Amino acid sequence: MNCPSKRLFLSVGLAEFVALTLQGCGASTSGVDLTPAPDQVEVTITPSVVQAGGYALVKVVSAMADSISIESPNGTDRYWDSGPVLHARIGSEFGDTMPGVQFAVRERGRLFDVREKPMKVVVCRRNNCREFYRELPVRLPERNERSVAITGGWSTAFTKRAVTSRDKSVLLKEALNHAVWNLQAELATGRVNARLQGFYGSDERGGSLDVSREIKRIGEGMSYGLAMHVGATHTEWLPTDRSSVLSKATAYRASIGPSIMIKGLTASSQIGIYTDGQETLQEVSTFLSLNGGLTEVRSPVTVTVEKTFAFGGEPMIPRRQDQLERLTVGVDLVHNFALRLGMTTHRSAWPTQNEASDLRASEIYYTLGGQYTISW
């Protein structure tokens with residue numbers, strides 16, 4: 001069997017994965033007899049409509065055939081096998097000559113989202129070949145024109161906290177549940193991706209601003225950019241009455257670095273500074289933000305990943321550290337309403353005059369809640 005020629009195809013990541021998953025569940029089959037008996041040629045396509053980025057299993061049966069082939073009219077793709085049966089795995093890009101995602105067209109309020117791609121079926125017997133034509137239906141995604149999204153939500157945080165010293169003495173250890181409110185606004189134009197977010201809890205609150213600006217376009221829909229992050233967090237749960245090293249001051253961070261941008265998605269690695277009002281630390285960080293409601297093809301998922309590490313105080317092995325890892329996922333359940341899941345790990349270390357008494361704090365919490373989004 002001959003394989004089709006390779007070509008570059010711009011995938012839309014998560015949206016295509018969801019489409020492929022749905023395509024495999026309860027897929028329908030279409031079948032047609034191209035000629036009547038006794039020299040019958042039967043073609044079946046599963047699923048009957050191929051999702052963008054997906055594929056169809058095409059079966060051609062002709063009991064009297066020596067060989068069977070499926071070809072695109074322009075000759076770019078061809079599947080062939082000897083014998084009375086041909087099995088072919090045909091992708092949605094069948095017959096395309098240009099790479100890239102093709103979009104549905106909306107005209108006078110009606111969405112035209114199925115493209116019928118012609119397939120030429122050639123059935124040969126004793127050097128006598130017959131040609132038939134059949135269509136491969138491909139469902140095209142609708143281009144997402146939205147560029148602004150505002151999201152608000154509420155979650156319950158299941159939290160474990162501890163503050164200990166290196167000699168294992170315990171200053172604080174608790175497990176509790178508390179409510180967290182969050183608000184987020186995002187802008188995605190392709191050339192600029194920006195996100196402003198904040199959260200408010202009973203004893204911890206904060207906010208941040210991320211902006212990424214395109215510098216150079218490197219492909220269809222993708223570009224290199226420069227990203228900036230500024231943020232502030234105020235914590236009130238530390239036991240400041242047990243140690244003068246601890247404080248309830250607001251911590252600020254700022255960083256800058258290169259980014260890779262797609263509309264609705266930004267990935268960046270940055271360097272910057274962190275300060276809690278008492279000392280200033282160096283910081284390295286990684287950020288990833290995906291809003292499926294603003295990507296070129298909409299998807300039902302939003303993801304935010306944040307990892308920062310601030311250090312200072314010692315030249316070789318820093319005793320003053322602050323490390324944050326945060327993952328937030330939103331999955332659409334119904335129109336504009338999503339399930340919100342999150343996990344955060346925050347660890348800090350403070351040096352004291354006696355190294356054996358250095359303090360360490362850890363906070364781990366899981367969040368479960370919902371969020372509502374409006375976009376335009």
# chains A, B, ... in the order shown; residues from 1 in each chain; ligands from 1
>>> closest_atom_pairs(of="segment 182-293 of chain A", to="segment 138-159 of chain A", cutoff="9 Å", atoms="only C-alpha atoms", output="tab-separated table")
residue	atom	partner	partner_atom	distance
A:Asn182	CA	A:Gly153	CA	5.4
A:Leu183	CA	A:Gly152	CA	4.4
A:Gln184	CA	A:Thr151	CA	5.1
A:Ala185	CA	A:Ile150	CA	4.4
A:Glu186	CA	A:Ala149	CA	5.2
A:Leu187	CA	A:Val148	CA	4.7
A:Ala188	CA	A:Ser147	CA	4.9
A:Thr189	CA	A:Ser147	CA	5.7
A:Gly190	CA	A:Ser147	CA	8.8
A:Lys263	CA	A:Ser147	CA	8.6
A:Gly264	CA	A:Ser147	CA	8.2
A:Asn291	CA	A:Ala149	CA	8.8
A:Gly293	CA	A:Arg146	CA	7.6
>>> residues_around(residues="Glu363 of chain A", least_positions_apart="4", cutoff="7 Å", atoms="only C-alpha atoms", output="list of chain:residue names")
A:Lys160, A:Arg161, A:Ala162, A:Thr345, A:His346, A:Arg347
>>> residues_around(residues="Glu220 of chain A", least_positions_apart="5", cutoff="10 Å", atoms="only C-alpha atoms", output="PyMOL selection string")
chain A and resi 10+99-101+262
>>> closest_residue(among="A:Arg110, A:Lys120, A:His229, A:Arg360", to="Gly75 of chain A", atoms="only C-alpha atoms")
A:Lys120
>>> residues_around(residues="Tyr79 of chain A", least_positions_apart="2", cutoff="12 Å", atoms="only C-alpha atoms", output="mmCIF file with N, CA, C and O atoms, in the first residue's frame")
data_model
loop_
_atom_site.group_PDB
_atom_site.id
_atom_site.type_symbol
_atom_site.label_atom_id
_atom_site.label_comp_id
_atom_site.auth_asym_id
_atom_site.auth_seq_id
_atom_site.Cartn_x
_atom_site.Cartn_y
_atom_site.Cartn_z
ATOM 1 N N MET A 1 0.856 -1.196 0.000
ATOM 2 C CA MET A 1 0.000 0.000 0.000
ATOM 3 C C MET A 1 0.885 1.237 0.000
ATOM 4 O O MET A 1 1.863 1.317 0.739
ATOM 5 N N ASN A 2 0.560 2.212 -0.837
ATOM 6 C CA ASN A 2 1.308 3.446 -0.883
ATOM 7 C C ASN A 2 0.750 4.426 0.124
ATOM 8 O O ASN A 2 -0.446 4.596 0.251
ATOM 9 N N CYS A 3 1.644 5.109 0.852
ATOM 10 C CA CYS A 3 1.207 6.093 1.821
ATOM 11 C C CYS A 3 1.125 7.445 1.156
ATOM 12 O O CYS A 3 1.875 7.738 0.222
ATOM 13 N N PRO A 4 0.253 8.355 1.601
ATOM 14 C CA PRO A 4 0.152 9.676 1.020
ATOM 15 C C PRO A 4 1.385 10.492 1.345
ATOM 16 O O PRO A 4 2.060 10.272 2.338
ATOM 17 N N SER A 5 1.698 11.470 0.482
ATOM 18 C CA SER A 5 2.861 12.323 0.697
ATOM 19 C C SER A 5 2.694 13.129 1.955
ATOM 20 O O SER A 5 1.600 13.544 2.324
ATOM 21 N N VAL A 58 -11.785 4.080 5.530
ATOM 22 C CA VAL A 58 -12.521 3.872 4.284
ATOM 23 C C VAL A 58 -12.272 2.442 3.797
ATOM 24 O O VAL A 58 -11.125 1.996 3.720
ATOM 25 N N LYS A 59 -13.363 1.758 3.474
ATOM 26 C CA LYS A 59 -13.273 0.383 2.994
ATOM 27 C C LYS A 59 -13.964 0.290 1.641
ATOM 28 O O LYS A 59 -15.104 0.721 1.493
ATOM 29 N N VAL A 60 -13.247 -0.262 0.662
ATOM 30 C CA VAL A 60 -13.789 -0.471 -0.677
ATOM 31 C C VAL A 60 -13.747 -1.969 -0.969
ATOM 32 O O VAL A 60 -12.696 -2.603 -0.830
ATOM 33 N N SER A 67 -7.227 -5.218 -8.187
ATOM 34 C CA SER A 67 -6.620 -4.164 -7.383
ATOM 35 C C SER A 67 -7.615 -3.007 -7.246
ATOM 36 O O SER A 67 -8.482 -2.816 -8.103
ATOM 37 N N ILE A 68 -7.437 -2.241 -6.168
ATOM 38 C CA ILE A 68 -8.314 -1.099 -5.894
ATOM 39 C C ILE A 68 -7.452 0.053 -5.403
ATOM 40 O O ILE A 68 -6.501 -0.147 -4.631
ATOM 41 N N SER A 69 -7.786 1.266 -5.818
ATOM 42 C CA SER A 69 -7.060 2.441 -5.335
ATOM 43 C C SER A 69 -8.042 3.577 -5.051
ATOM 44 O O SER A 69 -9.127 3.652 -5.640
ATOM 45 N N ILE A 70 -7.638 4.438 -4.137
ATOM 46 C CA ILE A 70 -8.347 5.689 -3.854
ATOM 47 C C ILE A 70 -7.376 6.821 -4.089
ATOM 48 O O ILE A 70 -6.260 6.818 -3.546
ATOM 49 N N GLU A 71 -7.786 7.811 -4.880
ATOM 50 C CA GLU A 71 -6.900 8.909 -5.229
ATOM 51 C C GLU A 71 -7.626 10.234 -5.054
ATOM 52 O O GLU A 71 -8.848 10.314 -5.198
ATOM 53 N N SER A 72 -6.849 11.266 -4.754
ATOM 54 C CA SER A 72 -7.402 12.615 -4.792
ATOM 55 C C SER A 72 -7.346 13.099 -6.240
ATOM 56 O O SER A 72 -6.446 12.722 -6.996
ATOM 57 N N GLY A 75 -4.060 14.327 -7.423
ATOM 58 C CA GLY A 75 -2.960 13.376 -7.421
ATOM 59 C C GLY A 75 -2.026 13.454 -6.232
ATOM 60 O O GLY A 75 -1.024 12.725 -6.185
ATOM 61 N N THR A 76 -2.309 14.297 -5.241
ATOM 62 C CA THR A 76 -1.397 14.423 -4.104
ATOM 63 C C THR A 76 -1.475 13.238 -3.156
ATOM 64 O O THR A 76 -0.503 12.929 -2.467
ATOM 65 N N ASP A 77 -2.620 12.566 -3.093
ATOM 66 C CA ASP A 77 -2.782 11.428 -2.190
ATOM 67 C C ASP A 77 -3.277 10.220 -2.970
ATOM 68 O O ASP A 77 -4.155 10.342 -3.847
ATOM 69 N N ASP A 81 -4.041 -1.076 -3.081
ATOM 70 C CA ASP A 81 -3.768 -2.425 -2.594
ATOM 71 C C ASP A 81 -4.291 -3.415 -3.622
ATOM 72 O O ASP A 81 -5.238 -3.127 -4.371
ATOM 73 N N SER A 82 -3.659 -4.561 -3.675
ATOM 74 C CA SER A 82 -4.113 -5.618 -4.578
ATOM 75 C C SER A 82 -5.211 -6.437 -3.906
ATOM 76 O O SER A 82 -5.334 -6.444 -2.675
ATOM 77 N N VAL A 85 -10.334 -6.144 -1.720
ATOM 78 C CA VAL A 85 -10.679 -5.263 -0.597
ATOM 79 C C VAL A 85 -9.547 -4.276 -0.360
ATOM 80 O O VAL A 85 -8.369 -4.654 -0.350
ATOM 81 N N LEU A 86 -9.919 -3.011 -0.166
ATOM 82 C CA LEU A 86 -8.949 -1.963 0.184
ATOM 83 C C LEU A 86 -9.387 -1.312 1.488
ATOM 84 O O LEU A 86 -10.526 -0.863 1.622
ATOM 85 N N HIS A 87 -8.471 -1.282 2.461
ATOM 86 C CA HIS A 87 -8.678 -0.561 3.711
ATOM 87 C C HIS A 87 -7.731 0.639 3.705
ATOM 88 O O HIS A 87 -6.517 0.471 3.508
ATOM 89 N N ALA A 88 -8.262 1.829 3.948
ATOM 90 C CA ALA A 88 -7.443 3.039 3.939
ATOM 91 C C ALA A 88 -7.811 3.922 5.124
ATOM 92 O O ALA A 88 -8.990 4.066 5.464
ATOM 93 N N ARG A 89 -6.813 4.517 5.740
ATOM 94 C CA ARG A 89 -6.999 5.483 6.832
ATOM 95 C C ARG A 89 -6.722 6.867 6.239
ATOM 96 O O ARG A 89 -5.583 7.234 6.021
ATOM 97 N N ILE A 90 -7.772 7.617 5.984
ATOM 98 C CA ILE A 90 -7.667 8.876 5.249
ATOM 99 C C ILE A 90 -7.921 10.045 6.193
ATOM 100 O O ILE A 90 -8.948 10.099 6.868
ATOM 101 N N GLY A 91 -6.982 10.982 6.218
ATOM 102 C CA GLY A 91 -7.082 12.131 7.101
ATOM 103 C C GLY A 91 -7.920 13.250 6.509
ATOM 104 O O GLY A 91 -8.219 13.273 5.304
ATOM 105 N N PHE A 94 -6.955 15.271 3.294
ATOM 106 C CA PHE A 94 -6.919 14.555 2.016
ATOM 107 C C PHE A 94 -7.124 15.527 0.850
ATOM 108 O O PHE A 94 -8.094 16.278 0.799
ATOM 109 N N GLY A 95 -6.191 15.499 -0.092
ATOM 110 C CA GLY A 95 -6.293 16.329 -1.291
ATOM 111 C C GLY A 95 -5.867 17.770 -1.128
ATOM 112 O O GLY A 95 -5.843 18.517 -2.113
ATOM 113 N N MET A 119 -13.283 11.967 -3.860
ATOM 114 C CA MET A 119 -12.349 10.845 -3.904
ATOM 115 C C MET A 119 -12.587 10.064 -5.191
ATOM 116 O O MET A 119 -13.744 9.777 -5.534
ATOM 117 N N LYS A 120 -11.518 9.742 -5.872
ATOM 118 C CA LYS A 120 -11.632 8.913 -7.070
ATOM 119 C C LYS A 120 -11.307 7.468 -6.693
ATOM 120 O O LYS A 120 -10.217 7.175 -6.205
ATOM 121 N N VAL A 121 -12.280 6.595 -6.920
ATOM 122 C CA VAL A 121 -12.100 5.176 -6.628
ATOM 123 C C VAL A 121 -11.870 4.453 -7.951
ATOM 124 O O VAL A 121 -12.715 4.513 -8.859
ATOM 125 N N VAL A 122 -10.730 3.764 -8.061
ATOM 126 C CA VAL A 122 -10.359 3.059 -9.287
ATOM 127 C C VAL A 122 -10.340 1.564 -8.995
ATOM 128 O O VAL A 122 -9.599 1.104 -8.122
#
>>> residues_around(residues="Gln353 of chain A", least_positions_apart="6", cutoff="12 Å", atoms="only C-alpha atoms", output="PyMOL selection string")
chain A and resi 244-245+319+359
>>> atom_distance(atom1="atom CA of Glu325 of chain A", atom2="atom CA of Lys307 of chain A")
4.5 Å
>>> atom_distance(atom1="atom CA of Tyr366 of chain A", atom2="atom CA of Ala179 of chain A")
11.4 Å
>>> select_by_dssp(residues="segment 128-344 of chain A", states="strand (DSSP E)", output="PyMOL selection string")
chain A and resi 128-139+148-165+170-188+192-201+204-219+222-235+250-262+265-275+280-291+301-312+320-334+337-344
>>> write_last_selection(atoms="C-alpha atoms", output="compact mmCIF listing (two decimals), in the first residue's frame")
# COMPACT_ATOMS: atom_id res chain seq x y z
CA ASN A 128 -9.52 -3.04 -17.35
CA CYS A 129 -10.07 -0.18 -14.89
CA ARG A 130 -13.23 1.67 -13.96
CA GLU A 131 -13.36 5.02 -12.17
CA PHE A 132 -15.98 6.13 -9.65
CA TYR A 133 -16.31 9.26 -7.54
CA ARG A 134 -17.36 9.50 -3.92
CA GLU A 135 -17.23 12.41 -1.46
CA LEU A 136 -15.39 12.50 1.86
CA PRO A 137 -17.33 14.86 4.20
CA VAL A 138 -15.04 16.91 6.47
CA ARG A 139 -16.46 19.11 9.23
CA VAL A 148 -11.69 39.28 25.40
CA ALA A 149 -12.84 37.00 28.24
CA ILE A 150 -13.81 37.88 31.81
CA THR A 151 -14.12 35.03 34.31
CA GLY A 152 -15.29 35.00 37.91
CA GLY A 153 -15.64 32.06 40.24
CA TRP A 154 -15.68 30.56 43.70
CA SER A 155 -13.82 27.55 45.06
CA THR A 156 -13.35 25.60 48.25
CA ALA A 157 -9.70 25.15 49.19
CA PHE A 158 -8.66 22.02 51.11
CA THR A 159 -5.50 23.24 52.80
CA LYS A 160 -2.59 21.83 54.83
CA ARG A 161 -0.10 24.25 56.40
CA ALA A 162 3.00 23.85 58.52
CA VAL A 163 5.82 26.02 59.86
CA THR A 164 8.78 24.16 61.35
CA SER A 165 12.45 24.68 62.08
CA VAL A 170 6.75 22.90 65.18
CA LEU A 171 5.50 26.49 65.20
CA LEU A 172 2.28 25.81 63.26
CA LYS A 173 0.49 22.80 61.86
CA GLU A 174 -3.11 22.90 60.65
CA ALA A 175 -5.55 21.52 58.10
CA LEU A 176 -8.63 23.48 57.14
CA ASN A 177 -11.12 24.29 54.42
CA HIS A 178 -11.83 27.84 53.32
CA ALA A 179 -13.44 29.72 50.44
CA VAL A 180 -11.49 31.47 47.69
CA TRP A 181 -12.95 33.97 45.24
CA ASN A 182 -11.22 34.61 41.93
CA LEU A 183 -11.57 37.07 39.07
CA GLN A 184 -9.70 37.02 35.76
CA ALA A 185 -9.69 39.12 32.59
CA GLU A 186 -7.87 38.07 29.40
CA LEU A 187 -7.06 39.69 26.08
CA ALA A 188 -5.85 37.68 23.07
CA VAL A 192 -0.76 40.73 22.27
CA ASN A 193 -1.78 38.25 24.96
CA ALA A 194 -2.58 39.68 28.40
CA ARG A 195 -4.07 38.31 31.61
CA LEU A 196 -5.06 40.16 34.79
CA GLN A 197 -6.14 37.95 37.68
CA GLY A 198 -6.78 38.14 41.39
CA PHE A 199 -7.91 35.92 44.26
CA TYR A 200 -9.29 36.61 47.72
CA GLY A 201 -9.41 34.28 50.68
CA GLU A 204 -4.50 35.16 51.80
CA ARG A 205 -5.08 37.36 48.78
CA GLY A 206 -3.18 38.48 45.73
CA GLY A 207 -3.15 39.38 42.07
CA SER A 208 -0.94 39.41 39.00
CA LEU A 209 -0.62 40.84 35.52
CA ASP A 210 0.93 38.99 32.57
CA VAL A 211 1.54 40.65 29.20
CA SER A 212 3.22 39.14 26.14
CA ARG A 213 3.94 41.17 22.98
CA GLU A 214 4.78 39.67 19.62
CA ILE A 215 8.28 40.42 18.31
CA LYS A 216 8.63 38.08 15.32
CA ARG A 217 6.14 35.80 13.58
CA ILE A 218 7.60 32.34 12.91
CA GLY A 219 4.71 30.56 11.24
CA MET A 222 2.71 31.35 15.99
CA SER A 223 5.28 33.95 17.02
CA TYR A 224 8.14 34.80 19.35
CA GLY A 225 7.42 37.48 21.92
CA LEU A 226 8.58 39.28 25.03
CA ALA A 227 6.64 38.56 28.22
CA MET A 228 6.37 40.43 31.52
CA HIS A 229 4.91 39.36 34.86
CA VAL A 230 4.17 41.43 37.97
CA GLY A 231 2.36 40.16 41.03
CA ALA A 232 1.65 40.69 44.71
CA THR A 233 0.54 38.35 47.50
CA HIS A 234 -0.47 39.15 51.07
CA THR A 235 -0.41 36.31 53.60
CA THR A 250 2.97 41.87 51.16
CA ALA A 251 5.38 40.09 48.81
CA TYR A 252 5.98 41.52 45.35
CA ARG A 253 7.52 39.91 42.28
CA ALA A 254 8.41 41.13 38.80
CA SER A 255 10.04 39.26 35.93
CA ILE A 256 10.62 39.41 32.19
CA GLY A 257 11.63 36.94 29.51
CA PRO A 258 11.03 35.46 26.03
CA SER A 259 7.75 33.81 25.12
CA ILE A 260 6.11 31.69 22.45
CA MET A 261 2.67 32.95 21.49
CA ILE A 262 -0.41 31.61 19.77
CA LEU A 265 -1.88 30.62 24.47
CA THR A 266 1.37 31.93 25.96
CA ALA A 267 4.40 30.01 27.24
CA SER A 268 7.29 31.92 28.82
CA SER A 269 10.45 31.48 30.89
CA GLN A 270 11.51 34.56 32.85
CA ILE A 271 14.02 35.99 35.32
CA GLY A 272 13.25 38.71 37.84
CA ILE A 273 13.15 39.77 41.47
CA TYR A 274 11.08 38.94 44.55
CA THR A 275 10.80 41.10 47.66
CA THR A 280 15.13 41.13 47.78
CA LEU A 281 15.73 37.78 46.08
CA GLN A 282 16.52 36.63 42.56
CA GLU A 283 13.75 34.71 40.81
CA VAL A 284 13.40 32.31 37.88
CA SER A 285 9.95 31.39 36.66
CA THR A 286 7.95 29.55 34.02
CA PHE A 287 4.41 30.43 32.96
CA LEU A 288 1.92 28.72 30.67
CA SER A 289 -1.56 30.06 29.97
CA LEU A 290 -4.18 28.56 27.66
CA ASN A 291 -7.69 29.94 27.29
CA VAL A 301 -10.58 23.82 28.44
CA THR A 302 -8.57 26.58 30.14
CA VAL A 303 -5.21 25.84 31.77
CA THR A 304 -2.83 28.00 33.80
CA VAL A 305 0.56 26.71 35.00
CA GLU A 306 2.90 28.78 37.14
CA LYS A 307 6.24 27.79 38.65
CA THR A 308 8.55 30.26 40.41
CA PHE A 309 11.71 29.89 42.49
CA ALA A 310 13.20 32.84 44.39
CA PHE A 311 16.49 32.53 46.26
CA GLY A 312 19.12 34.62 48.03
CA ARG A 320 16.37 32.16 51.99
CA GLN A 321 14.00 30.62 49.45
CA ASP A 322 10.47 30.98 48.15
CA GLN A 323 9.03 28.39 45.77
CA LEU A 324 5.55 28.40 44.22
CA GLU A 325 3.91 25.83 41.94
CA ARG A 326 0.33 26.37 40.81
CA LEU A 327 -1.92 24.51 38.35
CA THR A 328 -5.46 25.63 37.53
CA VAL A 329 -7.79 23.87 35.07
CA GLY A 330 -11.26 24.84 33.92
CA VAL A 331 -13.46 22.41 31.98
CA ASP A 332 -16.69 23.64 30.38
CA LEU A 333 -19.80 21.82 31.59
CA VAL A 334 -22.51 23.97 30.02
CA PHE A 337 -20.02 27.70 33.05
CA ALA A 338 -17.01 25.53 33.88
CA LEU A 339 -15.75 23.25 36.61
CA ARG A 340 -12.64 24.76 38.20
CA LEU A 341 -9.88 22.54 39.64
CA GLY A 342 -6.59 23.65 41.13
CA MET A 343 -3.51 22.58 43.03
CA THR A 344 -0.98 24.89 44.68
>>> atom_distance(atom1="atom CA of Leu57 of chain A", atom2="atom CA of Val41 of chain A")
16.6 Å
>>> closest_residue(among="A:Thr240, A:Ser348, A:Ser48, A:Ser375", to="Val32 of chain A", atoms="only C-alpha atoms")
A:Ser48
>>> closest_residue(among="A:Ala349, A:Val50, A:Asp113, A:Arg126", to="Ala361 of chain A", atoms="only C-alpha atoms")
A:Ala349
>>> closest_residue(among="A:Gly53, A:Pro36, A:Pro73, A:Gly221", to="Glu296 of chain A", atoms="only C-alpha atoms")
A:Gly221
